[in-house]
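Listing of input21.cif; format and content: mmCIF, C-alpha atoms.
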data_protein
#
loop_
_atom_site.label_atom_id
_atom_site.label_comp_id
_atom_site.auth_asym_id
_atom_site.auth_seq_id
_atom_site.Cartn_x
_atom_site.Cartn_y
_atom_site.Cartn_z
CA GLY O 1 39.19 -77.58 38.00
CA ALA O 2 36.28 -77.70 40.42
CA GLY O 3 35.51 -74.62 42.44
CA VAL O 4 34.24 -74.30 46.00
CA SER O 5 31.02 -76.21 46.51
CA GLN O 6 28.46 -75.87 49.29
CA SER O 7 25.49 -77.93 50.32
CA PRO O 8 22.62 -77.71 50.65
CA SER O 9 21.97 -74.76 48.36
CA ASN O 10 18.78 -73.96 50.27
CA LYS O 11 17.63 -74.96 53.72
CA VAL O 12 14.34 -74.20 55.41
CA THR O 13 14.11 -75.14 59.06
CA GLU O 14 11.94 -74.49 62.06
CA LYS O 15 13.06 -72.32 64.92
CA GLY O 16 14.86 -74.37 67.54
CA LYS O 17 16.17 -77.05 65.17
CA ASP O 18 19.85 -77.68 64.47
CA VAL O 19 21.32 -77.31 60.97
CA GLU O 20 24.59 -78.35 59.35
CA LEU O 21 26.06 -76.55 56.37
CA ARG O 22 28.85 -78.13 54.35
CA CYS O 23 31.71 -76.64 52.37
CA ASP O 24 34.09 -78.43 49.98
CA PRO O 25 37.05 -76.16 49.22
CA ILE O 26 39.23 -76.17 46.15
CA SER O 27 41.68 -79.04 46.35
CA GLY O 28 45.02 -77.98 47.79
CA HIS O 29 43.70 -74.83 49.44
CA THR O 30 44.86 -74.79 53.05
CA ALA O 31 42.77 -71.82 54.20
CA LEU O 32 38.98 -71.93 54.46
CA TYR O 33 36.66 -69.09 55.47
CA TRP O 34 33.01 -68.80 56.46
CA TYR O 35 31.05 -65.58 55.95
CA ARG O 36 27.41 -64.63 56.37
CA GLN O 37 25.46 -62.33 54.07
CA SER O 38 22.27 -60.87 55.45
CA LEU O 39 20.15 -57.84 54.62
CA GLY O 40 20.71 -56.12 57.90
CA GLN O 41 24.40 -56.89 58.45
CA GLY O 42 25.89 -57.10 54.97
CA LEU O 43 28.80 -59.50 54.49
CA GLU O 44 30.44 -60.50 57.76
CA PHE O 45 33.29 -62.83 58.65
CA LEU O 46 32.48 -65.77 60.91
CA ILE O 47 35.51 -68.06 61.24
CA TYR O 48 38.52 -69.28 59.32
CA PHE O 49 40.62 -72.43 59.25
CA GLN O 50 44.25 -72.95 58.43
CA GLY O 51 44.49 -76.68 57.94
CA ASN O 52 42.24 -78.21 60.58
CA SER O 53 42.71 -75.53 63.20
CA ALA O 54 40.70 -72.33 63.61
CA PRO O 55 42.98 -69.43 64.58
CA ASP O 56 40.16 -66.90 64.45
CA LYS O 57 36.60 -67.59 65.57
CA SER O 58 35.90 -64.00 66.47
CA GLY O 59 33.01 -63.57 64.04
CA LEU O 60 30.82 -66.36 65.38
CA PRO O 61 27.74 -64.54 66.70
CA SER O 62 26.99 -66.83 69.64
CA ASP O 63 27.91 -70.17 71.17
CA ARG O 64 25.13 -71.75 69.13
CA PHE O 65 27.48 -71.52 66.16
CA SER O 66 30.38 -73.92 65.73
CA ALA O 67 32.50 -75.19 62.88
CA GLU O 68 35.01 -77.89 62.20
CA ARG O 69 37.29 -78.95 59.41
CA THR O 70 38.60 -82.45 58.94
CA GLY O 71 41.44 -83.79 56.82
CA GLY O 72 42.35 -80.26 55.83
CA SER O 73 39.45 -80.33 53.40
CA VAL O 74 35.70 -80.38 54.06
CA SER O 75 34.26 -78.03 56.65
CA THR O 76 30.93 -78.08 58.44
CA LEU O 77 29.25 -75.09 60.05
CA THR O 78 26.67 -76.10 62.66
CA ILE O 79 23.99 -73.84 64.06
CA GLN O 80 22.21 -75.21 67.11
CA ARG O 81 18.73 -74.15 68.24
CA THR O 82 18.27 -71.91 65.21
CA GLN O 83 16.64 -68.52 65.59
CA GLN O 84 14.91 -66.38 62.98
CA GLU O 85 17.79 -63.91 63.02
CA ASP O 86 20.05 -66.71 61.75
CA SER O 87 18.29 -66.50 58.38
CA ALA O 88 20.95 -65.47 55.86
CA VAL O 89 23.14 -66.73 53.06
CA TYR O 90 26.17 -68.56 54.44
CA LEU O 91 29.21 -68.31 52.18
CA CYS O 92 32.34 -70.39 52.20
CA ALA O 93 35.61 -69.40 50.55
CA SER O 94 39.01 -71.00 50.22
CA SER O 95 42.48 -69.77 49.35
CA LEU O 96 45.90 -71.30 48.79
CA SER O 97 47.11 -69.93 52.10
CA GLN O 98 46.20 -67.50 54.85
CA GLN O 99 48.82 -65.04 53.60
CA GLU O 100 47.47 -61.51 53.37
CA GLY O 101 46.37 -60.60 49.86
CA GLU O 102 45.83 -64.18 48.73
CA THR O 103 42.74 -64.43 46.55
CA GLN O 104 39.73 -66.11 48.11
CA TYR O 105 37.39 -68.15 45.92
CA PHE O 106 33.79 -68.24 47.01
CA GLY O 107 31.19 -70.97 46.81
CA PRO O 108 27.60 -70.33 45.72
CA GLY O 109 26.36 -70.17 49.31
CA THR O 110 23.68 -71.86 51.38
CA ARG O 111 20.50 -69.86 51.78
CA LEU O 112 19.10 -70.56 55.25
CA LEU O 113 15.56 -69.64 56.20
CA VAL O 114 14.43 -70.15 59.79
CA LEU O 115 10.67 -70.11 60.21
CA GLY Y 1 39.05 -51.53 64.00
CA ASN Y 2 39.15 -52.12 60.29
CA SER Y 3 36.31 -50.88 58.12
CA VAL Y 4 35.32 -50.14 54.53
CA THR Y 5 32.92 -47.43 53.41
CA GLN Y 6 31.29 -47.54 49.98
CA MET Y 7 28.98 -45.15 48.26
CA GLU Y 8 25.32 -45.93 48.66
CA GLY Y 9 23.46 -47.49 45.79
CA PRO Y 10 21.68 -48.25 43.67
CA VAL Y 11 23.58 -46.59 40.87
CA THR Y 12 21.75 -46.47 37.55
CA LEU Y 13 23.65 -45.64 34.37
CA SER Y 14 23.06 -45.74 30.66
CA GLU Y 15 25.17 -48.09 28.57
CA GLU Y 16 28.57 -46.62 27.63
CA ALA Y 17 28.50 -44.19 30.56
CA PHE Y 18 31.52 -43.70 32.83
CA LEU Y 19 31.38 -45.47 36.18
CA THR Y 20 32.92 -44.54 39.51
CA ILE Y 21 32.11 -46.34 42.74
CA ASN Y 22 33.82 -44.74 45.71
CA CYS Y 23 35.51 -46.80 48.41
CA THR Y 24 37.47 -45.57 51.42
CA TYR Y 25 38.94 -47.60 54.23
CA THR Y 26 40.21 -47.48 57.79
CA ALA Y 27 42.81 -50.05 58.72
CA THR Y 28 45.83 -50.71 60.89
CA GLY Y 29 48.99 -50.71 58.82
CA TYR Y 30 48.79 -51.09 55.08
CA PRO Y 31 46.01 -53.41 53.97
CA SER Y 32 45.48 -55.29 50.74
CA LEU Y 33 42.42 -54.03 48.86
CA PHE Y 34 39.91 -55.88 46.73
CA TRP Y 35 36.84 -55.41 44.62
CA TYR Y 36 34.48 -58.38 44.48
CA VAL Y 37 31.43 -58.60 42.21
CA GLN Y 38 28.20 -60.54 42.60
CA TYR Y 39 26.23 -60.96 39.38
CA PRO Y 40 22.51 -61.75 39.69
CA GLY Y 41 22.03 -65.34 40.78
CA GLU Y 42 25.77 -66.01 41.02
CA GLY Y 43 28.39 -66.22 43.75
CA LEU Y 44 30.95 -63.63 44.77
CA GLN Y 45 33.96 -63.44 42.51
CA LEU Y 46 37.13 -61.40 42.63
CA LEU Y 47 37.16 -58.54 40.14
CA LEU Y 48 40.55 -57.01 40.94
CA LYS Y 49 42.97 -56.37 43.77
CA ALA Y 50 45.97 -54.29 44.84
CA THR Y 51 48.33 -55.29 47.61
CA LYS Y 52 50.46 -52.16 48.06
CA ALA Y 53 50.18 -48.40 47.76
CA ASP Y 54 50.03 -46.94 44.24
CA ASP Y 55 49.32 -50.35 42.71
CA LYS Y 56 46.56 -50.40 40.11
CA GLY Y 57 44.34 -53.45 39.82
CA SER Y 58 42.54 -54.01 36.55
CA ASN Y 59 40.25 -56.58 34.97
CA LYS Y 60 37.45 -56.62 32.36
CA GLY Y 61 37.90 -52.89 31.73
CA PHE Y 62 37.57 -52.03 35.43
CA GLU Y 63 40.40 -50.29 37.29
CA ALA Y 64 41.13 -49.21 40.84
CA THR Y 65 44.24 -47.55 42.27
CA TYR Y 66 45.38 -48.01 45.87
CA ARG Y 67 45.77 -44.47 47.24
CA LYS Y 68 47.40 -44.48 50.65
CA GLU Y 69 47.26 -40.70 51.07
CA THR Y 70 43.46 -40.63 50.72
CA THR Y 71 42.87 -44.20 52.02
CA SER Y 72 40.81 -44.91 48.92
CA PHE Y 73 40.33 -47.59 46.28
CA HIS Y 74 37.72 -46.21 43.90
CA LEU Y 75 36.42 -48.49 41.14
CA GLU Y 76 36.21 -47.03 37.62
CA LYS Y 77 35.20 -48.16 34.16
CA GLY Y 78 35.20 -45.99 31.10
CA SER Y 79 32.19 -47.48 29.34
CA VAL Y 80 29.75 -49.75 31.15
CA GLN Y 81 27.65 -52.44 29.53
CA VAL Y 82 24.32 -53.96 30.51
CA SER Y 83 26.22 -57.10 31.48
CA ASP Y 84 28.06 -55.12 34.20
CA SER Y 85 24.83 -54.90 36.21
CA ALA Y 86 25.72 -56.46 39.55
CA VAL Y 87 26.52 -55.70 43.19
CA TYR Y 88 30.09 -54.53 43.79
CA PHE Y 89 31.84 -55.00 47.14
CA CYS Y 90 35.00 -53.25 48.25
CA ALA Y 91 37.01 -55.22 50.82
CA LEU Y 92 40.32 -55.34 52.66
CA THR Y 93 42.62 -57.69 54.52
CA VAL Y 94 45.33 -56.72 56.98
CA THR Y 95 48.68 -58.20 57.89
CA GLY Y 96 48.38 -60.69 60.72
CA GLY Y 97 44.65 -61.01 60.21
CA GLY Y 98 44.72 -64.42 58.61
CA ASN Y 99 43.60 -62.90 55.32
CA LYS Y 100 40.00 -62.56 56.51
CA LEU Y 101 38.06 -60.08 54.42
CA THR Y 102 36.33 -57.00 55.80
CA PHE Y 103 33.66 -55.91 53.34
CA GLY Y 104 31.87 -52.70 52.57
CA THR Y 105 28.09 -52.76 52.34
CA GLY Y 106 28.05 -53.24 48.57
CA THR Y 107 26.88 -50.98 45.75
CA GLN Y 108 24.25 -52.16 43.32
CA LEU Y 109 24.86 -51.08 39.73
CA LYS Y 110 22.13 -51.18 37.12
CA VAL Y 111 23.04 -50.42 33.51
CA GLU Y 112 20.22 -49.66 31.09
CA LEU Y 113 20.12 -49.51 27.30
#
Would you mind giving the structure from this file in structure tokens?
Amino acid sequence: GAGVSQSPSNKVTEKGKDVELRCDPISGHTALYWYRQSLGQGLEFLIYFQGNSAPDKSGLPSDRFSAERTGGSVSTLTIQRTQQEDSAVYLCASSLSQQEGETQYFGPGTRLLVL
Amino acid sequence: GNSVTQMEGPVTLSEEAFLTINCTYTATGYPSLFWYVQYPGEGLQLLLKATKADDKGSNKGFEATYRKETTSFHLEKGSVQVSDSAVYFCALTVTGGGNKLTFGTGTQLKVEL
């Protein structure tokens, strides 16, 4: 079946603009995760959803970052007033549940460049 | 807090050489442990995992054993191939943490003919 998909694959934006990144999880997966991969910080957790609620937003770097999930499926990560330090690859993953040890399946990522 | 420490890369090996990539962790309780791999131009994919002490995860000739006494999960392969060239990430999740992954910094492996 289809894996996790993300769009756009690449995004170039100007500093100060808002961007929206989209994630389509594997059908039937109730848990959805956002991570960020950057040269300076490695792979870091941002936020996760169980269904449509977000029990853990602790990894969001600032209040410019927000995310939502609707219908227990698609999720959107929004970055407002982008800064150059937001440049990174944003990864989405989904898993059958939020149970510890459950395998997460990753999408190809969105590469964001803020000029 | 929870953390994962991996050996620094890059690691360069000749084909058919033995591979070890060290991984140690700090975590509350007993975590689940994972190795993820990122091939050039591709997304992260699970290589293997172990969810309790003394478990051995294995896949594609790679193995790792969950050692509680040394808090380690070292990745090994007896004979590497050029196609194993990739970045390898050790990671963990903890009970009550919503299954969010804490990653090590990654180790780049380059296998040459």
Excluding Y:His74 and residues on its chain fewer than 6 positions from it, collect all residues at most 6 Å away from it, counting all atoms listed in the file, and give them as a list in words. Ile21, Asn22, Cys23 and Ala64 of chain Y
Output for the residues just chosen: C-alpha atoms as an mmCIF file, keeping the file's coordinate frame:
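New file part_2.cif:
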data_model
loop_
_atom_site.group_PDB
_atom_site.id
_atom_site.type_symbol
_atom_site.label_atom_id
_atom_site.label_comp_id
_atom_site.auth_asym_id
_atom_site.auth_seq_id
_atom_site.Cartn_x
_atom_site.Cartn_y
_atom_site.Cartn_z
ATOM 1 C CA ILE Y 21 32.110 -46.340 42.740
ATOM 2 C CA ASN Y 22 33.820 -44.740 45.710
ATOM 3 C CA CYS Y 23 35.510 -46.800 48.410
ATOM 4 C CA ALA Y 64 41.130 -49.210 40.840
#
Considering all atoms listed in the file, return as number ranges by chain whatever protein or nucleic-acid residues lie within 12 Å of Y:Gln81, sequence-local ones (same chain, fewer than 6 positions apart) excluded. Y: 12-19, 60-62, 109-113
For chain Y against chain O, which residues fall within 6 Å using only C-alpha atoms, given as JSON, numbers by chain? {"Y": [32, 43, 44, 95, 98, 99, 105]}
From atom CA of O:Ile26 to atom CA of O:Val4 the spacing works out at 5.3 Å
Fewer than 2 positions away in the same chain doesn't count, so skip those; otherwise give me all residues within 6 Å of stretch 68-72 of chain O, counting all atoms listed in the file, as an mmCIF file with C-alpha atoms, in the coordinates of the input.
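Listing of selection11.cif after writing:
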data_model
loop_
_atom_site.group_PDB
_atom_site.id
_atom_site.type_symbol
_atom_site.label_atom_id
_atom_site.label_comp_id
_atom_site.auth_asym_id
_atom_site.auth_seq_id
_atom_site.Cartn_x
_atom_site.Cartn_y
_atom_site.Cartn_z
ATOM 1 C CA GLY O 51 44.490 -76.680 57.940
ATOM 2 C CA ASN O 52 42.240 -78.210 60.580
ATOM 3 C CA VAL O 74 35.700 -80.380 54.060
ATOM 4 C CA SER O 75 34.260 -78.030 56.650
ATOM 5 C CA THR O 76 30.930 -78.080 58.440
#
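Here atom CA of Y:Leu48 and atom CA of O:Ala54 stand 27.4 Å from one another.
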One decimal, Å: what's the distance from atom CA of O:Ser7 over to atom CA of O:Ser53, could you say?
->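 Straight-line distance from atom CA of O:Ser7 to atom CA of O:Ser53 works out to 21.6 Å.
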Exercise for review: Decode the PyMOL selection byres ((chain O and resi 79) around 8) for the given file into explicit residues and return them as a list in words.
Suggested key: Asp18, Val19, Glu20, Arg64, Phe65, Ser66, Leu77, Thr78, Gln80, Arg81 and Thr82 of chain O
Hey, can I get the axis-aligned box for stretch 69-84 of chain Y? All listed atoms, 6 Å padding on each side, centre and edge lengths in Å to one decimal, as JSON.
{"center_x": 35.8, "center_y": -48.9, "center_z": 40.7, "size_x": 34.9, "size_y": 28.5, "size_z": 34.7}
Starting from the PyMOL selection byres ((chain Y and resi 73) around 9), expand the selection into actual residues of this file and give them as a PyMOL selection string. chain Y and resi 22-25+33-35+50+64-68+70-72+74-75+90
With C-alpha atoms retained, could you export that selection as a PDB file, keeping the file's coordinate frame?
ATOM      1  CA  ASN Y  22      33.820 -44.740  45.710  1.00  0.00           C
ATOM      2  CA  CYS Y  23      35.510 -46.800  48.410  1.00  0.00           C
ATOM      3  CA  THR Y  24      37.470 -45.570  51.420  1.00  0.00           C
ATOM      4  CA  TYR Y  25      38.940 -47.600  54.230  1.00  0.00           C
ATOM      5  CA  LEU Y  33      42.420 -54.030  48.860  1.00  0.00           C
ATOM      6  CA  PHE Y  34      39.910 -55.880  46.730  1.00  0.00           C
ATOM      7  CA  TRP Y  35      36.840 -55.410  44.620  1.00  0.00           C
ATOM      8  CA  ALA Y  50      45.970 -54.290  44.840  1.00  0.00           C
ATOM      9  CA  ALA Y  64      41.130 -49.210  40.840  1.00  0.00           C
ATOM     10  CA  THR Y  65      44.240 -47.550  42.270  1.00  0.00           C
ATOM     11  CA  TYR Y  66      45.380 -48.010  45.870  1.00  0.00           C
ATOM     12  CA  ARG Y  67      45.770 -44.470  47.240  1.00  0.00           C
ATOM     13  CA  LYS Y  68      47.400 -44.480  50.650  1.00  0.00           C
ATOM     14  CA  THR Y  70      43.460 -40.630  50.720  1.00  0.00           C
ATOM     15  CA  THR Y  71      42.870 -44.200  52.020  1.00  0.00           C
ATOM     16  CA  SER Y  72      40.810 -44.910  48.920  1.00  0.00           C
ATOM     17  CA  HIS Y  74      37.720 -46.210  43.900  1.00  0.00           C
ATOM     18  CA  LEU Y  75      36.420 -48.490  41.140  1.00  0.00           C
ATOM     19  CA  CYS Y  90      35.000 -53.250  48.250  1.00  0.00           C
TER      20      CYS Y  90
END
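The smallest atom-to-atom distance between Y:Thr26 and any of Y:Thr5, Y:Thr107, Y:Ser85, Y:Ser58, using all atoms listed in the file, is found for Y:Thr5.
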Worksheet item: Expanded to explicit residues, what is the PyMOL selection byres ((chain O and resi 6) around 6) for this file, as an MDAnalysis selection string?
Response: chainID O and resid 5 7 22:23
If we draw a sphere of 12 Å around (14.6, -73.8, 53.4), which residues have at least one atom in it when counting all atoms listed in the file? Please report them as a ChimeraX atom specification.
/O:8-15,19,87-89,110-115
